[in-house]
$ cat entry.pdb   # PDB, C-alpha atoms
ATOM      1  CA  GLN A   1      10.535 -12.680  -8.353
ATOM      2  CA  VAL A   2       7.541 -10.398  -8.159
ATOM      3  CA  GLN A   3       7.083  -7.259 -10.196
ATOM      4  CA  LEU A   4       4.718  -4.602  -8.903
ATOM      5  CA  VAL A   5       3.156  -1.818 -10.953
ATOM      6  CA  GLU A   6       1.134   0.925  -9.294
ATOM      7  CA  SER A   7      -1.502   3.025 -11.013
ATOM      8  CA  GLY A   8      -4.324   5.375 -10.164
ATOM      9  CA  GLY A   9      -2.423   8.342  -8.830
ATOM     10  CA  GLY A  10      -3.173  11.897  -9.874
ATOM     11  CA  LEU A  11      -4.237  15.358  -8.823
ATOM     12  CA  VAL A  12      -7.326  15.725  -6.669
ATOM     13  CA  GLN A  13      -8.839  18.470  -4.548
ATOM     14  CA  ALA A  14      -8.955  18.197  -0.789
ATOM     15  CA  GLY A  15     -11.923  16.085   0.272
ATOM     16  CA  GLY A  16     -11.817  14.045  -2.907
ATOM     17  CA  SER A  17     -11.075  10.383  -3.496
ATOM     18  CA  LEU A  18      -8.669   8.227  -5.455
ATOM     19  CA  ARG A  19      -8.207   4.497  -5.786
ATOM     20  CA  LEU A  20      -4.721   3.184  -6.254
ATOM     21  CA  SER A  21      -4.082  -0.218  -7.780
ATOM     22  CA  CYS A  22      -0.999  -2.385  -7.628
ATOM     23  CA  ALA A  23      -0.779  -5.199 -10.150
ATOM     24  CA  ALA A  24       1.629  -8.020  -9.382
ATOM     25  CA  SER A  25       3.253 -10.522 -11.660
ATOM     26  CA  GLY A  26       3.918 -14.094 -10.646
ATOM     27  CA  ARG A  27       1.895 -17.045  -9.489
ATOM     28  CA  THR A  28       2.577 -16.643  -5.784
ATOM     29  CA  PHE A  29       0.862 -13.297  -5.199
ATOM     30  CA  SER A  30      -1.710 -14.873  -2.907
ATOM     31  CA  SER A  31       1.028 -15.981  -0.504
ATOM     32  CA  TYR A  32       2.398 -12.478   0.060
ATOM     33  CA  ALA A  33       1.323  -9.872   2.537
ATOM     34  CA  MET A  34       1.013  -6.546   0.755
ATOM     35  CA  GLY A  35       1.636  -3.043   1.965
ATOM     36  CA  TRP A  36       1.271   0.543   0.840
ATOM     37  CA  PHE A  37       3.857   3.127   1.809
ATOM     38  CA  ARG A  38       4.301   6.767   0.878
ATOM     39  CA  GLN A  39       7.047   9.330   0.701
ATOM     40  CA  ALA A  40       6.439  13.056   0.704
ATOM     41  CA  PRO A  41       9.069  15.527  -0.531
ATOM     42  CA  GLY A  42      11.814  15.952   2.022
ATOM     43  CA  LYS A  43      10.407  13.252   4.292
ATOM     44  CA  GLU A  44      11.167   9.620   4.970
ATOM     45  CA  ARG A  45       9.067   6.855   3.491
ATOM     46  CA  GLU A  46       6.297   5.844   5.868
ATOM     47  CA  PHE A  47       3.830   3.041   6.334
ATOM     48  CA  VAL A  48       0.270   3.631   5.175
ATOM     49  CA  ALA A  49      -1.596   0.310   5.178
ATOM     50  CA  ALA A  50      -1.071  -3.432   4.885
ATOM     51  CA  ILE A  51      -3.121  -6.550   4.285
ATOM     52  CA  SER A  52      -2.431 -10.176   5.056
ATOM     53  CA  TRP A  53      -2.124 -12.772   2.313
ATOM     54  CA  SER A  54      -5.736 -13.871   2.794
ATOM     55  CA  GLY A  55      -7.128 -10.389   3.198
ATOM     56  CA  GLY A  56      -8.379 -11.322   6.633
ATOM     57  CA  SER A  57      -6.227  -8.807   8.484
ATOM     58  CA  THR A  58      -5.635  -5.167   7.669
ATOM     59  CA  TYR A  59      -3.543  -2.490   9.355
ATOM     60  CA  TYR A  60      -3.470   1.269   8.985
ATOM     61  CA  ALA A  61      -1.346   4.179  10.075
ATOM     62  CA  ASP A  62      -3.204   6.434  12.472
ATOM     63  CA  SER A  63      -3.005   9.291   9.972
ATOM     64  CA  VAL A  64      -5.169   7.428   7.433
ATOM     65  CA  LYS A  65      -7.364   5.264   9.625
ATOM     66  CA  GLY A  66     -11.030   5.756   8.791
ATOM     67  CA  ARG A  67     -10.228   7.398   5.455
ATOM     68  CA  PHE A  68      -8.231   4.766   3.540
ATOM     69  CA  THR A  69      -9.152   1.149   2.861
ATOM     70  CA  ILE A  70      -6.792  -1.542   1.643
ATOM     71  CA  SER A  71      -8.128  -4.601  -0.153
ATOM     72  CA  ARG A  72      -6.896  -7.306  -2.471
ATOM     73  CA  ASP A  73      -8.174  -9.557  -5.213
ATOM     74  CA  ASN A  74      -5.961 -12.622  -5.372
ATOM     75  CA  ALA A  75      -7.658 -13.824  -8.550
ATOM     76  CA  LYS A  76      -6.501 -10.634 -10.260
ATOM     77  CA  ASN A  77      -3.114 -10.404  -8.515
ATOM     78  CA  THR A  78      -4.017  -6.892  -7.465
ATOM     79  CA  VAL A  79      -4.054  -4.904  -4.262
ATOM     80  CA  TYR A  80      -5.993  -1.660  -3.911
ATOM     81  CA  LEU A  81      -5.908   1.425  -1.756
ATOM     82  CA  GLN A  82      -9.149   3.381  -1.661
ATOM     83  CA  MET A  83      -8.405   6.868  -0.405
ATOM     84  CA  ASN A  84     -11.283   9.087   0.702
ATOM     85  CA  SER A  85     -11.441  12.504   2.347
ATOM     86  CA  LEU A  86      -8.004  13.297   1.013
ATOM     87  CA  LYS A  87      -5.978  16.042   2.631
ATOM     88  CA  PRO A  88      -3.064  18.105   1.299
ATOM     89  CA  GLU A  89      -0.796  16.273   3.740
ATOM     90  CA  ASP A  90      -1.580  13.027   1.886
ATOM     91  CA  THR A  91       0.439  14.350  -1.051
ATOM     92  CA  ALA A  92       3.255  11.883  -1.708
ATOM     93  CA  VAL A  93       4.545   9.172  -3.967
ATOM     94  CA  TYR A  94       2.724   5.987  -3.018
ATOM     95  CA  TYR A  95       4.477   2.636  -3.265
ATOM     96  CA  CYS A  96       3.144  -0.868  -2.959
ATOM     97  CA  ALA A  97       5.324  -3.630  -1.591
ATOM     98  CA  ALA A  98       5.194  -7.389  -1.166
ATOM     99  CA  ASP A  99       6.331  -9.318   1.890
ATOM    100  CA  ARG A 100       7.140 -13.003   1.434
ATOM    101  CA  ARG A 101       7.646 -13.901   5.067
ATOM    102  CA  ASP A 102       5.907 -17.099   6.082
ATOM    103  CA  TYR A 103       4.571 -15.573   9.262
ATOM    104  CA  CYS A 104       3.700 -12.068  10.334
ATOM    105  CA  SER A 105       1.406 -10.944  13.081
ATOM    106  CA  GLY A 106       0.380  -7.575  14.384
ATOM    107  CA  TYR A 107       0.790  -3.978  13.352
ATOM    108  CA  GLY A 108       4.504  -3.791  14.090
ATOM    109  CA  CYS A 109       5.256  -6.672  11.798
ATOM    110  CA  TYR A 110       3.225  -5.414   8.840
ATOM    111  CA  ALA A 111       4.460  -1.834   9.213
ATOM    112  CA  ASP A 112       8.106  -2.900   9.114
ATOM    113  CA  MET A 113       9.234  -1.377   5.828
ATOM    114  CA  GLY A 114      12.570  -3.187   5.903
ATOM    115  CA  ALA A 115      10.864  -6.562   5.825
ATOM    116  CA  TYR A 116       9.229  -6.075   2.431
ATOM    117  CA  ASP A 117      11.004  -7.841  -0.384
ATOM    118  CA  TYR A 118       9.600  -6.306  -3.550
ATOM    119  CA  TRP A 119       8.667  -2.724  -4.381
ATOM    120  CA  GLY A 120       6.892  -0.942  -7.166
ATOM    121  CA  GLN A 121       8.087   2.248  -8.802
ATOM    122  CA  GLY A 122       5.465   4.405  -7.147
ATOM    123  CA  THR A 123       2.588   6.600  -8.246
ATOM    124  CA  GLN A 124       2.236  10.297  -7.462
ATOM    125  CA  VAL A 125      -0.741  11.542  -5.482
ATOM    126  CA  THR A 126      -1.196  15.290  -5.204
ATOM    127  CA  VAL A 127      -3.950  16.806  -3.101
ATOM    128  CA  SER A 128      -4.617  20.492  -3.617
ATOM    129  CA  SER A 129      -6.130  22.699  -0.948
TER     130      SER A 129
END
$ encode --input "entry.pdb" --output "structure tokens"
Amino acid sequence: QVQLVESGGGLVQAGGSLRLSCAASGRTFSSYAMGWFRQAPGKEREFVAAISWSGGSTYYADSVKGRFTISRDNAKNTVYLQMNSLKPEDTAVYYCAADRRDYCSGYGCYADMGAYDYWGQGTQVTVSS
């Protein structure tokens, strides 16, 4: 079992930055791919970014590419999402998730929300205009 706890959300003005953190319990964190997803009011949950277990591969939704950066520190069992140049449309609850599949390759695999096994409770990000 893996427990995930997100933090770092809040209220920020458009153009500002936030860094989300997701702390994971368990000794096998370094073997999991990790993803960030978000859900805005009245909308379906959507993929934001993902990172392979080693950190060597990262994937981003087109809507955040160039503005958001995902990273991980396996020694700290933590994955991060640095969000810059925030826009009001980035307002959502952000969730981190862990994927324990042995093999995953390519954007389609990492963006597959149904394949993630563990989810955090989410952290609210609100971007004011």
$ atom_distance --input "entry.pdb" --atom1 "CA of Asn77 in chain A" --atom2 "CA of Tyr94 in chain A"
18.2 Å
$ closest_residue --input "entry.pdb" --among "A:Ser85, A:Gly8, A:Ala40, A:Tyr32" --to "Ala115 in chain A" --atoms "all atoms listed in the file"
A:Tyr32
$ resolve_selection --input "entry.pdb" --expression "the PyMOL selection byres ((chain A and resi 65-69) around 9)" --output "PDB file with C-alpha atoms, in the coordinates of the input"
ATOM      1  CA  VAL A  48       0.270   3.631   5.175  1.00  0.00           C
ATOM      2  CA  ALA A  49      -1.596   0.310   5.178  1.00  0.00           C
ATOM      3  CA  THR A  58      -5.635  -5.167   7.669  1.00  0.00           C
ATOM      4  CA  TYR A  59      -3.543  -2.490   9.355  1.00  0.00           C
ATOM      5  CA  TYR A  60      -3.470   1.269   8.985  1.00  0.00           C
ATOM      6  CA  ALA A  61      -1.346   4.179  10.075  1.00  0.00           C
ATOM      7  CA  ASP A  62      -3.204   6.434  12.472  1.00  0.00           C
ATOM      8  CA  SER A  63      -3.005   9.291   9.972  1.00  0.00           C
ATOM      9  CA  VAL A  64      -5.169   7.428   7.433  1.00  0.00           C
ATOM     10  CA  ILE A  70      -6.792  -1.542   1.643  1.00  0.00           C
ATOM     11  CA  SER A  71      -8.128  -4.601  -0.153  1.00  0.00           C
ATOM     12  CA  TYR A  80      -5.993  -1.660  -3.911  1.00  0.00           C
ATOM     13  CA  LEU A  81      -5.908   1.425  -1.756  1.00  0.00           C
ATOM     14  CA  GLN A  82      -9.149   3.381  -1.661  1.00  0.00           C
ATOM     15  CA  MET A  83      -8.405   6.868  -0.405  1.00  0.00           C
ATOM     16  CA  ASN A  84     -11.283   9.087   0.702  1.00  0.00           C
ATOM     17  CA  SER A  85     -11.441  12.504   2.347  1.00  0.00           C
ATOM     18  CA  LEU A  86      -8.004  13.297   1.013  1.00  0.00           C
TER      19      LEU A  86
END
$ axis_aligned_box --input "entry.pdb" --around "range 59-70 of chain A" --padding-each-side "6 Å" --output "JSON"
{"center_x": -6.2, "center_y": 3.4, "center_z": 7.1, "size_x": 21.7, "size_y": 23.8, "size_z": 22.8}
$ resolve_selection --input "entry.pdb" --expression "the PyMOL selection byres ((chain A and resi 15) around 7)" --output "list in words"
Gln13, Ala14, Gly16, Ser17, Ser85, Leu86 and Lys87 of chain A
$ atom_distance --input "entry.pdb" --atom1 "CA of Ser54 in chain A" --atom2 "CA of Ala33 in chain A"
8.1 Å
$ closest_residue --input "entry.pdb" --among "A:Ile51, A:Ala75, A:Ala97, A:Ala24" --to "Gln3 in chain A" --atoms "all atoms listed in the file"
A:Ala24
$ atom_distance --input "entry.pdb" --atom1 "CA of Trp53 in chain A" --atom2 "CA of Arg38 in chain A"
20.6 Å
$ closest_residue --input "entry.pdb" --among "A:Thr78, A:Gly9, A:Ala92, A:Met34" --to "Asp117 in chain A" --atoms "all atoms listed in the file"
A:Met34
$ closest_residue --input "entry.pdb" --among "A:Val12, A:Phe29, A:Cys22, A:Ser128" --to "Arg100 in chain A" --atoms "all atoms listed in the file"
A:Phe29
$ residues_near_point --input "entry.pdb" --point "(6.5, -16.8, -15.1)" --cutoff "10 Å" --atoms "all atoms listed in the file" --output "PyMOL selection string"
chain A and resi 1-2+25-27
$ closest_residue --input "entry.pdb" --among "A:Val125, A:Val93, A:Ala23, A:Ala50" --to "Lys76 in chain A" --atoms "only C-alpha atoms"
A:Ala23
$ closest_residue --input "entry.pdb" --among "A:Ser52, A:Ser7, A:Thr91, A:Gln121" --to "Leu20 in chain A" --atoms "only C-alpha atoms"
A:Ser7
$ residues_around --input "entry.pdb" --residues "Cys96 in chain A" --least-positions-apart "5" --cutoff "8 Å" --atoms "all atoms listed in the file" --output "short mmCIF file (atom, residue, chain, number, x, y, z; two decimals) with C-alpha atoms, keeping the file's coordinate frame"
data_model
loop_
_atom_site.label_atom_id
_atom_site.label_comp_id
_atom_site.auth_asym_id
_atom_site.auth_seq_id
_atom_site.Cartn_x
_atom_site.Cartn_y
_atom_site.Cartn_z
CA LEU A 4 4.72 -4.60 -8.90
CA GLU A 6 1.13 0.92 -9.29
CA CYS A 22 -1.00 -2.38 -7.63
CA MET A 34 1.01 -6.55 0.76
CA GLY A 35 1.64 -3.04 1.96
CA TRP A 36 1.27 0.54 0.84
CA PHE A 37 3.86 3.13 1.81
CA TRP A 119 8.67 -2.72 -4.38
CA GLY A 120 6.89 -0.94 -7.17
CA GLY A 122 5.46 4.40 -7.15
#
$ build_atoms --input "entry.pdb" --residues "range 23-34 of chain A" --atoms "all heavy atoms" --output "compact mmCIF listing (two decimals), keeping the file's coordinate frame"
# COMPACT_ATOMS: atom_id res chain seq x y z
N ALA A 23 -0.70 -3.92 -9.46
CA ALA A 23 -0.78 -5.20 -10.15
C ALA A 23 0.54 -5.94 -9.99
O ALA A 23 1.61 -5.38 -10.21
CB ALA A 23 -1.08 -4.98 -11.62
N ALA A 24 0.44 -7.21 -9.62
CA ALA A 24 1.63 -8.02 -9.38
C ALA A 24 1.75 -9.13 -10.40
O ALA A 24 0.76 -9.72 -10.82
CB ALA A 24 1.56 -8.63 -7.98
N SER A 25 2.99 -9.37 -10.79
CA SER A 25 3.25 -10.52 -11.66
C SER A 25 3.55 -11.74 -10.79
O SER A 25 3.79 -11.61 -9.60
CB SER A 25 4.44 -10.23 -12.57
OG SER A 25 5.61 -10.11 -11.77
N GLY A 26 3.54 -12.91 -11.39
CA GLY A 26 3.92 -14.09 -10.65
C GLY A 26 2.73 -14.87 -10.13
O GLY A 26 1.65 -14.32 -9.91
N ARG A 27 2.97 -16.15 -9.89
CA ARG A 27 1.90 -17.05 -9.49
C ARG A 27 1.74 -17.16 -7.98
O ARG A 27 0.86 -17.86 -7.51
CB ARG A 27 2.14 -18.44 -10.07
CG ARG A 27 2.06 -18.47 -11.59
CD ARG A 27 2.45 -19.84 -12.12
NE ARG A 27 3.88 -20.09 -11.97
CZ ARG A 27 4.47 -21.21 -12.34
NH1 ARG A 27 3.76 -22.19 -12.85
NH2 ARG A 27 5.77 -21.35 -12.17
N THR A 28 2.60 -16.48 -7.23
CA THR A 28 2.58 -16.64 -5.78
C THR A 28 2.06 -15.41 -5.07
O THR A 28 2.26 -15.26 -3.87
CB THR A 28 3.99 -16.97 -5.27
OG1 THR A 28 4.90 -15.94 -5.71
CG2 THR A 28 4.45 -18.31 -5.78
N PHE A 29 1.37 -14.54 -5.79
CA PHE A 29 0.86 -13.30 -5.20
C PHE A 29 0.04 -13.58 -3.96
O PHE A 29 0.15 -12.88 -2.96
CB PHE A 29 0.03 -12.55 -6.23
CG PHE A 29 -0.68 -11.35 -5.68
CD1 PHE A 29 0.00 -10.17 -5.46
CD2 PHE A 29 -2.04 -11.41 -5.38
CE1 PHE A 29 -0.65 -9.05 -4.95
CE2 PHE A 29 -2.70 -10.30 -4.86
CZ PHE A 29 -2.00 -9.12 -4.66
N SER A 30 -0.79 -14.61 -4.01
CA SER A 30 -1.71 -14.87 -2.91
C SER A 30 -1.00 -15.31 -1.63
O SER A 30 -1.61 -15.36 -0.57
CB SER A 30 -2.73 -15.94 -3.31
OG SER A 30 -2.06 -17.14 -3.64
N SER A 31 0.28 -15.59 -1.70
CA SER A 31 1.03 -15.98 -0.50
C SER A 31 1.76 -14.81 0.14
O SER A 31 2.39 -14.99 1.19
CB SER A 31 2.03 -17.08 -0.84
OG SER A 31 3.03 -16.60 -1.73
N TYR A 32 1.68 -13.64 -0.45
CA TYR A 32 2.40 -12.48 0.06
C TYR A 32 1.47 -11.54 0.83
O TYR A 32 0.36 -11.27 0.39
CB TYR A 32 3.02 -11.66 -1.08
CG TYR A 32 4.09 -12.35 -1.87
CD1 TYR A 32 4.12 -12.26 -3.25
CD2 TYR A 32 5.08 -13.08 -1.24
CE1 TYR A 32 5.10 -12.87 -3.99
CE2 TYR A 32 6.06 -13.70 -1.97
CZ TYR A 32 6.07 -13.60 -3.35
OH TYR A 32 7.05 -14.22 -4.06
N ALA A 33 1.95 -11.04 1.94
CA ALA A 33 1.32 -9.87 2.54
C ALA A 33 1.68 -8.67 1.66
O ALA A 33 2.75 -8.63 1.05
CB ALA A 33 1.84 -9.66 3.95
N MET A 34 0.79 -7.71 1.61
CA MET A 34 1.01 -6.55 0.76
C MET A 34 0.88 -5.28 1.57
O MET A 34 0.03 -5.19 2.48
CB MET A 34 0.01 -6.52 -0.39
CG MET A 34 0.10 -7.71 -1.33
SD MET A 34 1.66 -7.81 -2.21
CE MET A 34 1.59 -6.31 -3.20
